[in-house]
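Engineer: Structure supplied as entry-v3.cif; contents: mmCIF, C-alpha atoms.
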```cif
data_coords
#
loop_
_atom_site.label_atom_id
_atom_site.label_comp_id
_atom_site.auth_asym_id
_atom_site.auth_seq_id
_atom_site.Cartn_x
_atom_site.Cartn_y
_atom_site.Cartn_z
CA MET A 1 0.00 0.00 0.00
CA PRO A 2 1.49 3.33 -0.98
CA ASN A 3 2.23 5.88 1.69
CA GLN A 4 1.35 9.51 1.44
CA TYR A 5 4.28 11.89 1.44
CA GLU A 6 4.88 15.57 1.16
CA THR A 7 7.97 17.25 -0.27
CA VAL A 8 8.79 20.89 0.20
CA PHE A 9 11.67 22.31 -1.80
CA ILE A 10 13.24 25.72 -2.22
CA VAL A 11 14.39 26.79 -5.69
CA THR A 12 16.99 29.56 -6.11
CA PRO A 13 15.50 32.98 -6.76
CA ILE A 14 18.02 33.81 -9.51
CA LEU A 15 16.26 31.69 -12.15
CA THR A 16 14.02 33.26 -14.78
CA ASP A 17 10.29 32.55 -14.67
CA ASP A 18 10.41 30.07 -17.53
CA LYS A 19 13.32 28.13 -16.07
CA LEU A 20 11.69 28.11 -12.67
CA LYS A 21 8.52 26.59 -14.08
CA GLU A 22 10.65 24.12 -16.00
CA THR A 23 12.50 22.91 -12.91
CA ILE A 24 9.29 22.55 -10.94
CA LYS A 25 7.63 20.70 -13.78
CA LYS A 26 10.68 18.44 -14.08
CA TYR A 27 10.29 17.20 -10.53
CA VAL A 28 6.54 16.76 -10.81
CA ASP A 29 7.12 14.72 -13.96
CA ILE A 30 9.76 12.59 -12.24
CA LEU A 31 7.22 11.66 -9.61
CA LYS A 32 4.59 10.94 -12.22
CA ASN A 33 7.00 8.70 -14.12
CA ASP A 34 7.62 6.74 -10.92
CA LYS A 35 3.89 6.00 -10.75
CA ALA A 36 3.29 8.38 -7.89
CA GLU A 37 -0.17 9.79 -7.56
CA ILE A 38 -0.02 13.56 -7.12
CA VAL A 39 -2.61 14.60 -4.57
CA ASP A 40 -1.96 18.31 -4.34
CA GLU A 41 0.49 21.00 -5.37
CA ILE A 42 0.90 24.27 -3.53
CA ASP A 43 2.82 27.14 -5.07
CA TRP A 44 4.02 29.08 -2.07
CA GLY A 45 5.91 31.61 -4.16
CA LEU A 46 8.93 33.71 -3.35
CA ARG A 47 9.51 34.00 0.38
CA LYS A 48 12.15 35.58 2.53
CA THR A 49 14.23 32.92 4.27
CA ALA A 50 14.85 33.19 8.00
CA TYR A 51 18.60 32.97 7.44
CA PRO A 52 20.78 33.14 4.31
CA ILE A 53 21.19 29.87 2.38
CA GLN A 54 24.12 29.84 -0.05
CA LYS A 55 24.28 33.64 0.39
CA LYS A 56 20.70 34.09 -0.80
CA ASN A 57 18.10 35.77 1.33
CA ASN A 58 15.00 34.47 -0.38
CA GLY A 59 13.78 31.43 -2.21
CA TYR A 60 10.90 30.02 -4.20
CA TYR A 61 8.93 27.53 -2.12
CA TYR A 62 6.99 24.71 -3.72
CA ILE A 63 5.06 21.91 -2.04
CA ILE A 64 4.05 18.61 -3.62
CA GLU A 65 1.77 16.14 -1.88
CA TYR A 66 1.70 12.63 -3.34
CA LYS A 67 1.05 8.97 -2.78
CA ALA A 68 3.98 6.73 -3.65
CA GLU A 69 5.82 3.56 -2.80
CA PRO A 70 8.71 4.02 -0.36
CA GLU A 71 11.31 3.11 -3.02
CA VAL A 72 10.40 6.17 -5.06
CA ILE A 73 11.59 8.55 -2.37
CA ALA A 74 15.25 7.55 -2.40
CA ASN A 75 15.53 8.12 -6.14
CA PHE A 76 13.68 11.43 -5.92
CA GLU A 77 15.85 12.71 -3.09
CA THR A 78 19.13 11.91 -4.80
CA LEU A 79 17.95 13.88 -7.83
CA LEU A 80 17.06 16.83 -5.64
CA ASN A 81 20.39 16.56 -3.88
CA ARG A 82 22.35 16.72 -7.13
CA ASP A 83 20.50 19.74 -8.48
CA GLU A 84 22.28 23.01 -7.73
CA ASP A 85 19.12 25.03 -8.32
CA ILE A 86 17.48 23.42 -5.28
CA LEU A 87 18.59 25.15 -2.09
CA ARG A 88 16.77 22.92 0.40
CA PHE A 89 14.21 20.17 0.45
CA LEU A 90 12.32 18.16 3.01
CA THR A 91 10.30 15.00 2.47
CA PHE A 92 8.22 13.43 5.15
CA LYS A 93 5.52 10.85 5.57
CA LEU A 94 2.05 12.07 6.49
CA ASP A 95 0.32 10.33 9.38
CA LYS A 96 -3.44 9.97 9.56
CA TYR A 97 -3.94 13.22 11.46
CA ALA A 98 -1.88 15.13 8.93
CA ILE A 99 -3.90 13.70 6.05
CA LYS A 100 -7.13 14.76 7.75
CA TYR A 101 -5.73 18.22 8.32
CA TYR A 102 -4.67 18.59 4.70
CA VAL A 103 -8.02 17.39 3.38
CA LYS A 104 -9.77 19.93 5.57
CA ARG A 105 -7.43 22.71 4.49
CA ARG A 106 -7.91 21.85 0.83
CA GLN A 107 -11.67 22.15 1.20
CA GLU A 108 -11.22 25.49 2.94
CA ARG A 109 -9.04 26.71 0.11
CA LYS A 110 -11.63 25.63 -2.44
CA THR A 111 -14.41 27.46 -0.63
CA GLU A 112 -12.19 30.53 -0.37
CA LYS A 113 -11.59 30.43 -4.08
CA LYS A 114 -15.29 30.08 -4.74
CA ASP A 115 -16.03 33.00 -2.45
CA THR A 116 -13.57 35.25 -4.19
CA GLU A 117 -14.93 34.21 -7.59
CA GLU A 118 -18.47 34.86 -6.46
CA LYS A 119 -17.44 38.22 -5.09
CA LYS A 120 -15.82 39.03 -8.40
CA ASP A 121 -19.01 38.04 -10.22
CA VAL A 122 -21.10 40.18 -7.91
CA GLU A 123 -18.74 43.11 -8.37
CA GLU A 124 -18.80 42.71 -12.11
CA LYS A 125 -22.58 42.63 -12.06
CA LYS A 126 -22.63 45.72 -9.89
CA GLU A 127 -20.31 47.44 -12.28
CA ALA A 128 -22.35 46.30 -15.23
CA GLU A 129 -25.72 47.36 -13.87
CA PRO A 130 -25.19 51.11 -13.46
CA VAL A 131 -23.84 51.29 -16.99
CA LYS A 132 -27.11 49.89 -18.23
CA SER A 133 -29.16 52.35 -16.20
CA GLU A 134 -27.10 55.26 -17.47
CA MET B 1 -16.14 39.58 81.45
CA ALA B 2 -17.25 39.40 77.84
CA PHE B 3 -14.59 38.70 75.30
CA SER B 4 -14.81 40.87 72.22
CA LYS B 5 -14.33 38.89 69.02
CA PRO B 6 -11.12 39.64 67.16
CA ASP B 7 -11.38 41.50 63.89
CA ILE B 8 -9.07 39.15 62.07
CA LYS B 9 -11.16 36.56 60.37
CA PHE B 10 -8.39 34.45 58.84
CA VAL B 11 -5.72 32.79 60.84
CA ILE B 12 -3.74 31.97 57.71
CA ALA B 13 -3.49 34.80 55.20
CA PRO B 14 -5.32 33.82 52.01
CA LYS B 15 -3.28 33.44 48.88
CA ILE B 16 -3.70 36.55 46.81
CA ASP B 17 -2.28 35.17 43.59
CA VAL B 18 -3.82 31.83 42.79
CA PRO B 19 -1.81 30.57 39.80
CA LYS B 20 -3.93 29.59 36.83
CA LYS B 21 -4.01 25.94 36.10
CA LYS B 22 -2.02 25.22 32.97
CA TYR B 23 -3.56 23.26 30.17
CA CYS B 24 -2.53 21.74 26.91
CA ARG B 25 -3.97 23.93 24.20
CA PHE B 26 -3.87 21.14 21.65
CA ILE B 27 -6.04 18.82 23.68
CA ARG B 28 -8.40 21.61 24.68
CA ASN B 29 -8.84 22.89 21.13
CA GLY B 30 -8.83 19.48 19.51
CA ILE B 31 -5.80 20.11 17.32
CA LYS B 32 -4.22 16.83 16.29
CA TYR B 33 -1.59 17.89 13.78
CA VAL B 34 1.05 20.58 14.27
CA ASP B 35 1.77 22.18 10.92
CA PHE B 36 5.38 23.30 10.48
CA LYS B 37 4.48 25.63 7.61
CA ASP B 38 2.72 28.04 9.93
CA PRO B 39 5.46 30.15 11.58
CA ASP B 40 3.05 32.50 13.38
CA PHE B 41 1.56 29.61 15.29
CA LEU B 42 4.90 28.03 16.16
CA LEU B 43 6.15 31.38 17.50
CA LYS B 44 3.97 30.82 20.58
CA PHE B 45 6.31 28.03 21.67
CA LEU B 46 9.58 29.92 21.18
CA ASN B 47 11.35 32.54 23.22
CA GLU B 48 12.88 35.70 21.82
CA GLN B 49 16.05 33.97 20.75
CA GLY B 50 14.10 31.39 18.80
CA LYS B 51 14.64 28.64 21.38
CA LEU B 52 11.94 26.18 22.27
CA LEU B 53 10.10 26.95 25.50
CA PRO B 54 9.99 24.17 28.09
CA ARG B 55 6.84 22.24 28.84
CA ARG B 56 6.53 23.79 32.30
CA LEU B 57 5.95 27.18 30.67
CA THR B 58 3.81 26.22 27.69
CA GLY B 59 1.74 23.66 29.57
CA ASN B 60 1.70 21.30 26.60
CA SER B 61 1.19 17.63 27.19
CA LEU B 62 4.21 15.44 26.50
CA LYS B 63 2.72 14.08 23.30
CA PHE B 64 2.19 17.50 21.77
CA GLN B 65 5.37 19.06 23.11
CA LYS B 66 7.25 16.42 21.13
CA LYS B 67 5.19 17.18 18.03
CA VAL B 68 5.81 20.90 18.43
CA ALA B 69 9.54 20.30 18.78
CA ARG B 70 9.59 18.22 15.61
CA SER B 71 7.63 20.83 13.67
CA VAL B 72 9.91 23.63 14.82
CA LYS B 73 12.97 21.67 13.77
CA ARG B 74 11.47 21.02 10.34
CA ALA B 75 10.61 24.68 9.98
CA ARG B 76 14.19 25.63 10.88
CA HIS B 77 15.60 23.34 8.24
CA LEU B 78 13.45 24.99 5.58
CA ALA B 79 14.38 28.49 6.78
CA ILE B 80 10.82 29.26 7.82
CA LEU B 81 12.04 29.83 11.38
CA PRO B 82 15.55 30.96 12.33
CA TYR B 83 17.98 28.76 14.22
CA VAL B 84 19.25 31.74 16.22
CA SER B 85 18.03 35.29 16.38
CA ASP B 86 17.69 38.35 18.61
CA LEU B 87 14.37 39.99 19.31
CA MET B 88 12.20 37.71 17.26
CA LYS B 89 8.94 39.15 18.61
#
```
Can I see the file as structure tokens?
Structural biologist:
Amino acid sequence: MPNQYETVFIVTPILTDDKLKETIKKYVDILKNDKAEIVDEIDWGLRKTAYPIQKKNNGYYYIIEYKAEPEVIANFETLLNRDEDILRFLTFKLDKYAIKYYVKRRQERKTEKKDTEEKKDVEEKKEAEPVKSE
Amino acid sequence: MAFSKPDIKFVIAPKIDVPKKKYCRFIRNGIKYVDFKDPDFLLKFLNEQGKLLPRRLTGNSLKFQKKVARSVKRARHLAILPYVSDLMK
């Protein structure tokens, strides 16, 4: 039975946008090729680090949540280790409480998104209506 | 000879400061997972230098103190929290 894992990694901020997306996509594809089931991806964006890593004061955080066999992890971690564009990474196994927490948080995020979209719709309607009346 | 009653009602002075009973906030609030990606929450368990506060100050149960410690250490590795700092709050 596959375990559920989560990997957080920090990409260097000096890359261009295209290259950054490429590197992130590369690692997602590696997982997919190893028959891992991607549950969720969170783009945390550029964040200031608490202390300098390799003389850089910020980094691009990316989180992947996936279900995979334990053998996949070793391969994935060596690849991350060899890449100079990755400043730091952390993989850990999610226990049952963590999985519950993440499921809950995902639902919250979805509702938030819906709310903002609905708000946008309402605002657009509001904007549209007075034009008509004028 | 009638004895007048003394004004002092208490033989032993009552304790003015009754210390509040400490409690584990995780058990009380039903939190079962300590997320290391939430630095604002983890700050409650650190002192100004970014060191972990002991259980006797936070009141956490042993189970959750261990989980907090693990989360803080993960957060430090990913540079979400500092290893050392001055005046963090």
Engineer: Would you write out, as a list in words, every residue that the PyMOL selection byres ((chain A and resi 5) around 8) captures in this file?
Structural biologist: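 Applied to this file, the PyMOL selection byres ((chain A and resi 5) around 8) selects Asn3, Gln4, Glu6, Thr7, Glu65, Tyr66, Lys67, Ala68, Thr91, Phe92, Lys93 and Leu94 of chain A.
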Engineer: Starting from the shown file, work through the PyMOL selection byres ((chain A) within 8 of (chain B)) and note down what comes out as a PyMOL selection string.
Structural biologist: chain A and resi 10+49-51+88-90+97-98+101
Engineer: Between CA of Pro54 in chain B and CA of Asp17 in chain B, what is the distance in Å, rounded to a tenth?
Structural biologist: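 If I compute the distance from CA of Pro54 in chain B to CA of Asp17 in chain B, I get 22.6 Å.
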Engineer: How many Å lie between CA of Asp40 in chain A and CA of Ile63 in chain A, rounded to one decimal?
Structural biologist: 8.2 Å
Engineer: Selected by the PyMOL selection byres ((chain B and resi 26) around 12) in the shown coordinates: which residues, as JSON, numbers by chain?
Structural biologist: {"B": [23, 24, 25, 27, 28, 29, 30, 31, 32, 33, 34, 41, 58, 59, 60, 61, 62, 63, 64, 65, 67, 68]}
Engineer: Choose the residue, out of A:Asp34, A:Thr111, A:Thr16, A:Glu118, that has the smallest atom-to-atom separation from Val72 in chain A; count all atoms listed in the file.
Structural biologist: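 Among A:Asp34, A:Thr111, A:Thr16, A:Glu118, it is A:Asp34 that comes nearest to Val72 in chain A.
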Engineer: Report, in Å with one decimal, the straight-line distance from CA of Val8 in chain A to CA of Glu117 in chain A.
Structural biologist: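 According to the coordinates, CA of Val8 in chain A and CA of Glu117 in chain A are separated by 28.3 Å.
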